[in-house]
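File shown: my_file.txt (compact mmCIF, C-alpha atoms).
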# COMPACT_ATOMS: atom_id res chain seq x y z
CA MET A 1 7.78 9.33 0.18
CA VAL A 2 10.19 7.25 -1.86
CA MET A 3 11.84 6.00 1.33
CA THR A 4 8.58 4.70 2.80
CA CYS A 5 6.44 1.75 1.73
CA PHE A 6 3.83 3.94 0.05
CA GLY A 7 4.77 5.84 -3.09
CA THR A 8 2.69 7.64 -5.67
CA THR A 9 2.80 8.06 -9.39
CA TYR A 10 1.13 10.77 -11.43
CA GLY A 11 0.70 8.82 -14.64
CA CYS A 12 3.13 10.97 -16.62
CA HIS A 13 5.58 8.21 -17.49
CA THR A 14 5.69 5.09 -19.63
CA LEU A 15 7.07 2.65 -17.07
CA PRO A 16 5.11 -0.57 -16.51
CA GLU A 17 2.13 -0.11 -14.22
CA GLU A 18 3.40 -2.73 -11.78
CA SER A 19 6.71 -0.88 -11.28
CA ASP A 20 7.75 -0.22 -7.68
CA LYS A 21 6.72 3.22 -6.50
CA SER A 22 8.86 3.41 -3.40
CA LEU A 23 11.92 1.79 -1.85
CA GLY A 24 10.12 0.43 1.22
CA LEU A 25 12.88 1.33 3.67
CA LEU A 26 10.48 2.73 6.28
CA ASP A 27 7.32 0.99 7.43
CA PHE A 28 5.02 3.96 7.31
CA ALA A 29 3.43 6.20 4.69
CA LEU A 30 4.15 9.92 4.43
CA ASN A 31 1.77 12.50 3.03
CA PRO A 32 3.35 15.96 2.69
CA HIS A 33 1.73 19.35 1.98
CA LEU A 34 -1.07 18.81 4.49
CA ASP A 35 -3.77 21.49 4.02
CA HIS A 36 -1.65 23.30 1.38
CA GLU A 37 -3.56 25.87 -0.67
CA TRP A 38 -2.05 24.56 -3.91
CA PHE A 39 -3.25 21.03 -3.24
CA PRO A 40 -6.93 20.94 -2.20
CA GLU A 41 -6.79 17.14 -2.33
CA ASN A 42 -4.44 17.29 0.66
CA ALA A 43 -7.11 18.44 3.11
CA LEU A 44 -6.85 16.52 6.38
CA SER A 45 -10.17 14.76 5.75
CA SER A 46 -8.99 13.49 2.34
CA LEU A 47 -5.64 12.30 3.67
CA GLU A 48 -7.34 10.58 6.62
CA LYS A 49 -9.54 8.74 4.14
CA LEU A 50 -6.46 7.70 2.15
CA ALA A 51 -4.67 6.61 5.33
CA GLY A 52 -7.61 4.34 6.08
CA THR A 53 -6.93 2.38 2.90
CA ILE A 54 -3.22 1.80 3.66
CA SER A 55 -2.05 -1.08 5.85
CA VAL A 56 0.71 0.89 7.59
CA PRO A 57 0.62 4.04 9.78
CA SER A 58 0.50 7.36 7.88
CA TYR A 59 2.19 10.60 8.85
CA MET A 60 0.47 13.65 7.41
CA ILE A 61 2.71 16.72 7.58
CA ASP A 62 2.43 20.33 6.47
CA ASP A 63 5.29 22.38 5.00
CA ALA A 64 6.45 23.50 8.46
CA THR A 65 6.98 19.90 9.58
CA ALA A 66 9.65 17.27 8.93
CA ILE A 67 10.20 13.67 9.98
CA LYS A 68 13.63 12.89 11.37
CA VAL A 69 14.70 9.24 11.30
CA VAL A 70 17.95 8.04 12.86
CA ASP A 71 18.57 4.29 12.95
CA GLY A 72 14.85 3.61 12.87
CA ILE A 73 13.96 6.11 15.62
CA ILE A 74 11.31 8.52 14.35
CA GLU A 75 11.02 12.09 15.61
CA VAL A 76 8.61 14.72 14.33
CA VAL A 77 10.12 18.21 14.03
CA SER A 78 7.40 20.80 13.61
CA GLU A 79 6.44 24.44 13.85
CA GLY A 80 3.18 23.66 12.07
CA HIS A 81 0.57 20.94 11.87
CA TRP A 82 0.87 17.21 11.51
CA LYS A 83 -1.05 14.07 12.37
CA LEU A 84 -0.20 10.42 12.74
CA HIS A 85 -2.86 7.98 11.59
CA LYS A 86 -2.06 4.88 13.63
CA LYS A 87 -2.81 1.28 12.75
CA MET C 1 20.89 5.68 7.90
CA LYS C 2 19.83 9.21 8.76
CA LEU C 3 16.83 10.82 7.12
CA LEU C 4 15.19 14.20 7.25
CA LEU C 5 11.92 13.89 5.35
CA THR C 6 10.55 17.33 4.59
CA SER C 7 7.47 18.57 2.83
CA ALA C 8 8.91 21.57 0.99
CA GLY C 9 12.44 22.07 2.27
CA ILE C 10 14.11 23.63 5.28
CA SER C 11 11.19 25.88 6.11
CA ASN C 12 11.95 26.98 9.67
CA GLN C 13 14.52 27.13 12.45
CA SER C 14 13.43 23.84 14.05
CA ILE C 15 13.95 21.89 10.82
CA HIS C 16 17.22 23.73 10.17
CA LYS C 17 18.42 22.78 13.64
CA ALA C 18 17.51 19.14 12.99
CA LEU C 19 19.49 19.25 9.73
CA VAL C 20 22.59 20.61 11.47
CA GLU C 21 22.28 17.95 14.18
CA LEU C 22 22.11 15.20 11.56
CA LEU C 23 25.01 16.64 9.58
CA GLY C 24 27.13 16.99 12.68
CA LYS C 25 28.40 20.28 11.28
CA SER C 26 27.08 23.53 9.93
CA VAL C 27 25.54 23.66 6.45
CA ALA C 28 28.36 26.00 5.41
CA GLU C 29 30.84 23.20 6.16
CA ALA C 30 28.82 20.42 4.48
CA LYS C 31 29.00 19.05 0.96
CA ALA C 32 25.79 17.84 -0.64
CA VAL C 33 24.51 16.34 -3.85
CA PHE C 34 21.15 17.21 -5.36
CA VAL C 35 19.17 14.52 -7.20
CA PRO C 36 16.45 15.96 -9.45
CA THR C 37 15.45 12.70 -11.19
CA ALA C 38 11.99 12.17 -9.70
CA ILE C 39 10.69 15.61 -10.63
CA TYR C 40 10.79 15.30 -14.41
CA ALA C 41 7.64 13.22 -14.88
CA ILE C 42 5.17 15.66 -13.41
CA ARG C 43 3.60 18.65 -15.10
CA SER C 44 6.19 21.44 -15.59
CA GLY C 45 8.79 19.16 -13.96
CA GLY C 46 11.72 20.66 -15.85
CA GLU C 47 10.74 24.15 -14.74
CA ILE C 48 10.24 23.02 -11.16
CA ALA C 49 13.69 21.42 -11.16
CA ARG C 50 15.25 24.76 -12.09
CA LYS C 51 13.21 26.61 -9.49
CA VAL C 52 14.25 24.20 -6.74
CA ILE C 53 17.89 24.63 -7.71
CA THR C 54 17.64 28.41 -7.76
CA GLY C 55 15.52 28.54 -4.60
CA THR C 56 12.50 30.20 -6.21
CA ILE C 57 9.92 27.56 -5.24
CA GLY C 58 9.13 25.97 -1.89
CA ASP C 59 11.46 26.50 1.04
CA PRO C 60 15.27 26.76 0.97
CA PHE C 61 17.14 23.64 -0.06
CA CYS C 62 19.75 23.97 -2.77
CA GLU C 63 20.24 27.61 -1.74
CA LEU C 64 20.87 26.81 1.91
CA GLY C 65 24.50 27.87 1.74
CA TRP C 66 26.19 24.46 1.36
CA LYS C 67 29.97 24.38 1.16
CA SER C 68 29.44 22.67 -2.17
CA LEU C 69 26.44 21.32 -4.03
CA ALA C 70 26.71 18.89 -6.94
CA MET C 71 23.95 17.51 -9.14
CA LEU C 72 23.52 13.80 -9.77
CA GLU C 73 21.16 12.60 -12.49
CA LEU C 74 20.39 9.03 -11.49
CA THR C 75 19.25 7.84 -14.89
CA ALA C 76 22.60 8.90 -16.36
CA LEU C 77 24.50 6.54 -14.07
CA THR C 78 23.63 3.54 -16.23
CA SER C 79 25.87 4.78 -19.01
CA ILE C 80 28.59 6.85 -17.34
CA LYS C 81 31.93 5.33 -16.38
CA LYS C 82 32.17 4.92 -12.64
CA GLU C 83 35.63 6.46 -12.61
CA LEU C 84 34.26 9.69 -14.00
CA TRP C 85 31.91 10.20 -11.09
CA PHE C 86 34.60 9.39 -8.57
CA ARG C 87 36.96 11.89 -10.12
CA ARG C 88 34.22 14.43 -10.65
CA PHE C 89 33.44 14.50 -6.97
CA THR C 90 36.93 14.23 -5.57
CA GLY C 91 38.45 16.71 -7.96
CA ARG C 92 41.52 14.49 -7.75
CA TRP C 93 42.44 11.02 -8.82
CA ARG C 94 41.74 9.40 -5.49
CA ARG C 95 39.45 6.41 -5.75
CA LEU C 96 37.16 7.00 -2.82
CA PRO C 97 33.45 6.16 -2.88
CA ILE C 98 31.44 9.27 -3.67
CA PRO C 99 29.32 9.20 -0.50
CA ASN C 100 32.42 9.29 1.68
CA LEU C 101 33.07 12.74 0.33
CA LEU C 102 29.56 14.01 0.86
CA ASP C 103 27.60 14.96 3.92
CA ALA C 104 24.10 14.85 2.48
CA ALA C 105 22.05 13.82 -0.51
CA VAL C 106 19.12 16.07 -1.31
CA TRP C 107 16.35 14.37 -3.26
CA VAL C 108 13.50 16.21 -4.85
CA GLY C 109 10.05 14.65 -5.05
CA GLY C 110 7.78 13.87 -7.98
CA THR C 111 7.46 10.53 -9.70
CA PHE C 112 9.33 8.22 -7.37
CA THR C 113 8.86 5.32 -9.72
CA PHE C 114 11.94 6.62 -11.52
CA ILE C 115 14.00 5.99 -8.42
CA ALA C 116 12.36 2.82 -7.19
CA SER C 117 11.57 1.04 -10.44
CA LYS C 118 13.70 -1.69 -11.90
CA ASP C 119 12.57 -0.43 -15.29
CA GLY C 120 13.35 3.21 -14.69
CA LEU C 121 16.57 3.74 -12.80
CA ARG C 122 17.43 0.02 -12.86
CA TRP C 123 18.49 0.49 -9.27
CA PRO C 124 19.45 -3.17 -8.71
CA GLU C 125 22.02 -2.90 -11.46
CA ARG C 126 23.50 0.12 -9.78
CA ARG C 127 23.78 -1.23 -6.29
CA GLU C 128 27.37 -0.05 -6.00
CA TYR C 129 25.97 3.49 -5.95
CA GLY C 130 22.63 2.73 -4.37
CA ASP C 131 23.93 0.84 -1.37
CA ASP C 132 26.58 3.45 -0.66
CA LEU C 133 24.06 6.25 -0.87
CA LEU C 134 21.64 4.46 1.41
CA ARG C 135 24.25 3.45 3.94
CA ASN C 136 26.32 6.57 4.30
CA ASP C 137 24.32 9.57 3.37
CA LEU C 138 21.92 11.83 5.08
CA TRP C 139 18.92 11.84 2.79
CA LEU C 140 16.74 14.88 2.52
CA PRO C 141 13.77 13.93 0.39
CA TYR C 142 11.73 16.96 -0.56
CA THR C 143 8.30 16.75 -2.09
CA PRO C 144 7.19 19.90 -3.90
Before anything else, please render the file you have as structure tokens.
Amino acid sequence: MVMTCFGTTYGCHTLPEESDKSLGLLDFALNPHLDHEWFPENALSSLEKLAGTISVPSYMIDDATAIKVVDGIIEVVSEGHWKLHKK
Amino acid sequence: MKLLLTSAGISNQSIHKALVELLGKSVAEAKAVFVPTAIYAIRSGGEIARKVITGTIGDPFCELGWKSLAMLELTALTSIKKELWFRRFTGRWRRLPIPNLLDAAVWVGGTFTFIASKDGLRWPERREYGDDLLRNDLWLPYTP
């Protein structure tokens, strides 16, 4: 997530609120742990709703999925579930 | 720049194969550095850091069988002499940039503000490291 243009913070630090949350090197958002039992907030419906509020495409990936990026070319590697929310 | 963005590590054969392709060599022949910085500012972050290192949470990462695995605490870079890191990683007195000696950088997830923020890591002041890491390394961000 830090490599994309959409980062998160969990409020457990004392850095200024306006601090950058990601490096913005990739022009998409990435939401890991899709449908993970530990993270009920990561249900597909919730992540789709979140993706709707973001101005760039969102990849939602489960723990059996990875995103490979080589010189800007994106490839999804998966033995599980993932979804791309396009813009 | 080559990236393998995972959710919880190298969880299956397909992702492992992608890692080997990006490395251009087997994991057993590759040297990596692990960056735990982002994990500290979440609940039980210190514990999670240890579990990631010992391979007892998520999928394999630090315990993948690397030829060597170092740890790099980003926030410490602001006050450590550059020479020390160079020597630490080379094991000799050669003055080669650290990333030239590594095949991959493994980053663990958490509060990314620590990495991205000017107020946290002060990344812009450490561009000599940051640019090298971004340009030369295979990054493996991992978000537990």
*For A:Ser45, work out the shell of residues within 10 Å, counting all atoms listed in the file and skipping chain neighbours fewer than 5 positions away, then give it as a PyMOL selection string.*
chain A and resi 35+50-51
Take the selection from the previous step and output its residues with C-alpha atoms, as a tab-separated table (two decimals), keeping the file's coordinate frame.
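Final output, saved to out-v4.tsv:
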chain	number	residue	atom	x	y	z
A	35	ASP	CA	-3.77	21.49	4.02
A	50	LEU	CA	-6.46	7.70	2.15
A	51	ALA	CA	-4.67	6.61	5.33
_So that I can see what lies close to A:Asp62, please list as a list in words the residues with an atom at most 10 Å from it, counting all atoms listed in the file and leaving out residues fewer than 5 positions away in the same chain._
Asn31, Pro32, His33, Leu34, Asp35, His36, Asn42, Ser78, Glu79, Gly80, His81, Trp82 and Lys83 of chain A; Thr6, Ser7 and Ala8 of chain C
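For the atom pair formed by atom CA of A:Ser58 and atom CA of C:Arg43, the distance is 25.8 Å, given to one decimal.
Distance check against chain C using only C-alpha atoms: of A:Glu18, A:Asp27, A:Glu37, A:Asp63, the minimum falls on A:Asp63.
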*Closest to A:His13 among C:Ala76, C:Gly45, C:Lys67, C:Ile53, using only C-alpha atoms?*
C:Gly45
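Among the candidate residues A:Leu84, A:Val70, A:Leu15, A:Val76, the one lying nearest to A:Gly52 is A:Leu84, with distances computed using all atoms listed in the file.
For the pair atom CA of C:Ala41 and atom CA of C:Pro60, the interatomic distance is 22.2 Å.
Using all atoms listed in the file for every distance, the candidate list C:Val33, C:Glu63, C:Ser44, C:Val27 yields C:Ser44 as the residue closest to chain A.
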_Between atom CA of C:Glu21 and atom CA of A:Asp71 - distance in Å to one decimal_ = 14.2 Å
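Nearest residue to chain C among A:Thr65, A:Ser46, A:Ser55, A:Thr4 is A:Thr65, counting all atoms listed in the file.
Closest approach to C:Thr37 among C:Leu22, C:Trp66, C:Ser11, C:Ala49: C:Ala49, based on all atoms listed in the file.
Using all atoms listed in the file, the protein and nucleic acid residues lying no more than 6 Å from A:Ile67, apart from those fewer than 4 places from it along its own chain, are A:Glu75, A:Val76, C:Leu4, C:Leu5.
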